[in-house]
Amino acid sequence: MPDFLRSHRKGPLARLGYHLLDLVSYECAYLLGPARNELFFNSGYLPLAADFAPPPGMEAEAHAAMMYHFVARTHPAEAGAAPMPRRILDVGCGPGGGLLYMQGLYPRARLCGTERAAAARRLARRSLPGARILSPRAALPGPFDLVTGVGTPTYIGLPSFLELFAPQLTPGGVISLSGGYRRGDHQRLRRQLEGAAGPAGLRLLSYRDIAPATFAALQADIPRREATLQRLPRPLRTYARRWADLPGTPEYEEYRQGLRCDFAAVLQKI
């Protein structure tokens with residue numbers, strides 16, 4: 001769920017209510033909201049890499065596609081684990097933009113994505129007729145050489161993410177992920193990944209603070225996000241404004257003050 005909901009210290013009934021609101025919000029975003037016309041649902045990454053080339057139709061969301069370029073190519077290569085995957089799993093694939101972009105990076109790879117929102121799964125299947133788009137509860141057609149997670153590890157929890165998907169890797173396979181927390185602690189997150197990596201049969205190759213890159217993408221994308229917000233019903237705009245980290249929200253101020261904890265990590269199966 002959005003971090004401003006997750007961080008609320010309420011009782012179990014209130015947290016259940018927030019969780020249900022989050023589930024409904026995601027489903028409605030893809031079913032009725034502006035997200036149904038977009039390929040990505042991530043914060044983005046800037047600047048663009050020199051070898052980044054978005055396919056036709058992704059130009060307006062180049063910053064979001066760049067996040068997948070960073071996760072699937074740049075960061076693993078810089079960590080010494082440049083993948084040439086034959087099978088790729090994107091956990092929390094949304095409407096399929098990340099898989100569509102990785103299809104261009106690795107045209108011979110077989111693609112699989114998991115997504116909890118049924119409306120998003122339908123959109124992804126429409127964009128990627130050759131990919132397997134599954135519910136999180138479905139059996140996975142692994143093993144995979146590359147497992148990506150953009151934002152999703154934050155929702156699942158880092159130890160749980162590694163525990164769930166390390167068994168899906170081939171020997172030498174790579175998990176490359178990104179996520180973010182409000183007022184997080186990079187040292188604590190790195191220790192958390194290192195502590196969970198060993199029992200999962202992984203080693204942490206690289207951990208990186210990417211908040212400057214995600215904030216740069218947010219600033220560049222503000223006009224598009226504001227225009228999208230105006231297409232929502234008025235009662236939903238305050239909630240959506242915080243979800244989108246727009247100016248005037250506590251989320252934006254934390255970015256501006258350098259308090260946001262956005263990160264990326266690369267782990268390899270031993």
# chains A, B, ... in the order shown; residues from 1 in each chain; ligands from 1
>>> select_by_dssp(residues="region 2-239 of chain A", states="alpha helix (DSSP H)", output="count of residues only")
105
>>> residues_around(residues="Glu254 (chain A)", least_positions_apart="6", cutoff="12 Å", atoms="only C-alpha atoms", output="list in words")
Phe4, Gly180, Tyr181, Arg182, Arg183, Gly184, Ala211, Pro212, Phe215, Arg242, Asp245, Leu246, Pro247, Gly248, Arg260, Cys261 and Asp262 of chain A
>>> select_by_dssp(residues="region 14-254 of chain A", states="strand (DSSP E or B)", output="VMD selection string")
chain A and resid 87 to 91 110 to 114 132 to 134 144 to 150 169 to 181 202 to 209
>>> closest_residue(among="A:Val147, A:Ile88, A:Ala79, A:Ala216", to="Ala109 (chain A)", atoms="only C-alpha atoms")
A:Ile88
>>> atom_distance(atom1="CA of Gly92 (chain A)", atom2="CA of Ala196 (chain A)")
20.4 Å
>>> closest_residue(among="A:Ala117, A:Ala81, A:Leu169, A:Ala220", to="Leu204 (chain A)", atoms="only C-alpha atoms")
A:Ala81
>>> closest_atom_pairs(of="region 122-200 of chain A", to="region 41-45 of chain A", cutoff="12 Å", atoms="only C-alpha atoms", output="CSV")
residue,atom,partner,partner_atom,distance
A:Gly149,CA,A:Asn42,CA,10.6
A:Val150,CA,A:Asn42,CA,7.0
A:Gly151,CA,A:Asn42,CA,6.9
A:Thr152,CA,A:Asn42,CA,9.7
A:Ser178,CA,A:Asn42,CA,10.0
A:Gly179,CA,A:Asn42,CA,9.4
A:Gly180,CA,A:Ser43,CA,9.7
>>> closest_residue(among="A:Cys93, A:Leu100, A:Leu229, A:Ala197", to="Leu162 (chain A)", atoms="only C-alpha atoms")
A:Ala197
>>> closest_atom_pairs(of="region 67-97 of chain A", to="region 59-62 of chain A", cutoff="12 Å", atoms="only C-alpha atoms", output="JSON lines")
{"residue": "A:Met67", "atom": "CA", "partner": "A:Ala62", "partner_atom": "CA", "distance": 8.8}
{"residue": "A:Tyr68", "atom": "CA", "partner": "A:Ala62", "partner_atom": "CA", "distance": 10.1}
{"residue": "A:His69", "atom": "CA", "partner": "A:Ala62", "partner_atom": "CA", "distance": 10.1}
{"residue": "A:Gly97", "atom": "CA", "partner": "A:Glu61", "partner_atom": "CA", "distance": 9.4}
>>> write_last_selection(atoms="C-alpha atoms", output="PDB file, in the first residue's frame")
ATOM      1  CA  MET A  67      13.758   2.665 -14.206  1.00  0.00           C
ATOM      2  CA  TYR A  68      13.507  -0.742 -15.878  1.00  0.00           C
ATOM      3  CA  HIS A  69      16.585  -0.040 -17.971  1.00  0.00           C
ATOM      4  CA  GLY A  97       5.342  -1.651 -19.427  1.00  0.00           C
TER       5      GLY A  97
END
